[in-house]
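This report refers to the structure that appears directly beneath it.
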Amino acid sequence: MVRLDFEGLLGHTMLREYVGLFVLCVLSCVQIVQPAAHGQHMHHGGGERLEDGAFSPKDHTHQQGDHHDMEFDHEAILGSKKEAQDFGNLSPEEAKRRLKILLEKMDRNGDKSIERQELYAWILRSFKSLSKEESDERFEDGDEDEDGFVSWREYAAEEFDLDELEMDPSDPNYEEELQLMEEDKILFDAADLNKDGKLDKTEFLAFSHPEEDEKMKPLVIDQVLNSRDKNGDGVLSFQEYLGERGEGKDKEWLLTEKDRFDEELDKNGDHLLSREEILAWIIPSNQETAEEEVNHLFAGADQDVNGLLSFQEILDNHDIFVGSEATDYGEHLENLDRFTDEL
C-alpha cells in the first residue's frame, strides 16, 4: 500500500509522480463533490483565475458591457449575499425602514448624512464580511467528515477536476490542474499556523481569501516569481509577465498586453514588475474597489451634488443601495424590454 506524504508534497523532488499517485488515490477512494469547470477554478477570494494569472476582483461582474449588476451594489452595503437576497423580497417600505437602521450605524459623526469616508469604511467592512460568508460556505462543503477542519485531502477532492484528468501528462488540463494544486498547497501550508495538516475556519479564511490577510500576500508573490521569474532576479520583465500566454498570439494582442504592462501594471515605469507591482496585479485591491463603489453610489444618489449623501437622498434611491420587490420588478421589466428588442 502506498502512503503519500501530502504535507511534504511540494518539497519532494518527484512532485509530478506524487501528484499522479495522489490523483489515482483520490479517484479510487474519495467521491468528488461539485467539481469546478476547467478554466474557472474557484479559489483565492472565491473568484475565477483570469487568463493572465491574476485573481478576479470582487466587482468583476459589476459592469459588463451594457449590463450593470445591481446585486454587487446591494452586497457592498449589506455585507452578505443572503441579506441582499432577503432584501429583494421586502416591500419598498420595509426595505427603507431597515436601510435607515443601517444608515444610523454608518453615520459615525451623527450628522444624518453619509460622507465619502464613512461610506468607504462601511464598504470595506462589507467586503470582509462577504469574504467570511463565502469562506464559511466553502469550508462547510470541504469539511467532508464534519470534524470542524478541512484537510488538504478534503480540499483537493472538493476543488479539482481530478476525475477528468485521465492521467495523461500531455493533456493541457492535467498541467493546469497540477499547477493550481501546487500553488494551493503552498497557500494551504502557509495558512496552517499550527502545522497540524488541517485548517480551522479562521485558517481557511486566510487561505481562501489571501487579500484579507497580510501574511499571505508575500506567498502569493513568491508563487508568481517561482513560475515566471526565469532569470531569478526577483522582478518580472514583459516577456516573463507574458510567459506561455504569449506563444502564438498575434501582434494586436501583444500590443494590448504591452500597453497594459506599461500603463497599468508598471507603476514606476522601469519596465519591470517589482514585488509590490506583482501584488497589485495578482490580488485586486479592496481599497480601490471600495473607492470605485463609493464613486458609483454617489453618482447615483447625490442629487444636490454637495459631496454628501443625506439620509433622504439614500432612502429616495434605496433601490441602488439595497433593493426591494420594486427593484426586482424593475429588473424584470428591463429584461422584458431587452427580450422584445431582440425579437
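Here, A, B, ... name the chains of the C-alpha cells in the order displayed, residue numbers run from 1 inside each chain, and ligands are numbered from 1 in the same displayed order.
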
Would you kindly return, as a short mmCIF file (atom, residue, chain, number, x, y, z; two decimals) with C-alpha atoms, in the first residue's frame, each protein, DNA or RNA residue with an atom no farther than 8 Å from any atom of Met216 (chain A), considering only C-alpha atoms and excluding same-chain residues fewer than 3 positions away?
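That gives us around_26.cif:
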data_model
loop_
_atom_site.label_atom_id
_atom_site.label_comp_id
_atom_site.auth_asym_id
_atom_site.auth_seq_id
_atom_site.Cartn_x
_atom_site.Cartn_y
_atom_site.Cartn_z
CA LEU A 187 -1.01 28.68 0.45
CA ALA A 190 1.12 28.88 4.93
CA ALA A 191 -2.37 29.28 6.40
CA ALA A 206 -6.70 33.28 5.27
CA PHE A 207 -6.14 30.50 2.73
CA PRO A 210 -5.33 35.94 0.91
CA GLU A 211 -6.30 39.53 0.11
CA ASP A 213 -4.58 38.53 5.38
CA LEU A 219 3.42 33.86 -0.52
CA VAL A 220 1.23 34.78 -3.48
#

message = What's around Asp136 (chain A) at 10 Å? Count only C-alpha atoms, leave out sequence neighbours fewer than 4 positions away in its own chain, and write the answer as a list in words.
response =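 Listed by chain and then number, they are Leu130, Ser131, Lys132, Glu140, Asp141, Gly142, Lys201, Thr202, Phe204, Leu205 and Ser208 of chain A.
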
Could you write out that same residue set with C-alpha atoms as a CSV table (one decimal), in the first residue's frame?
chain,number,residue,atom,x,y,z
A,130,LEU,CA,-18.6,38.9,2.3
A,131,SER,CA,-15.3,37.1,2.3
A,132,LYS,CA,-16.0,35.4,5.6
A,140,GLU,CA,-18.8,23.5,5.1
A,141,ASP,CA,-18.6,22.0,1.7
A,142,GLY,CA,-15.0,20.9,2.2
A,201,LYS,CA,-12.4,28.3,9.9
A,202,THR,CA,-10.0,31.1,10.7
A,204,PHE,CA,-9.3,28.6,5.9
A,205,LEU,CA,-10.4,32.2,5.6
A,208,SER,CA,-9.2,31.1,0.6

remark   = re CA of Asn231 (chain A) and CA of Leu273 (chain A): distance 13.6 Å

task = Would you kindly return, as a PyMOL selection string, each protein, DNA or RNA residue with an atom no farther than 8 Å from any atom of region 300-314 of chain A, considering only C-alpha atoms and excluding same-chain residues fewer than 5 positions away?
result = chain A and resi 100+103+112-116+320-321

key: Residues within 12 Å of Leu242 (chain A), only C-alpha atoms, excluding chain neighbours under 4 positions, as a count of residues only   = 24

remark   = Closest of A:Val150, A:Ile77, A:Leu272, A:Leu199 to Lys128 (chain A), counting only C-alpha atoms, is A:Ile77
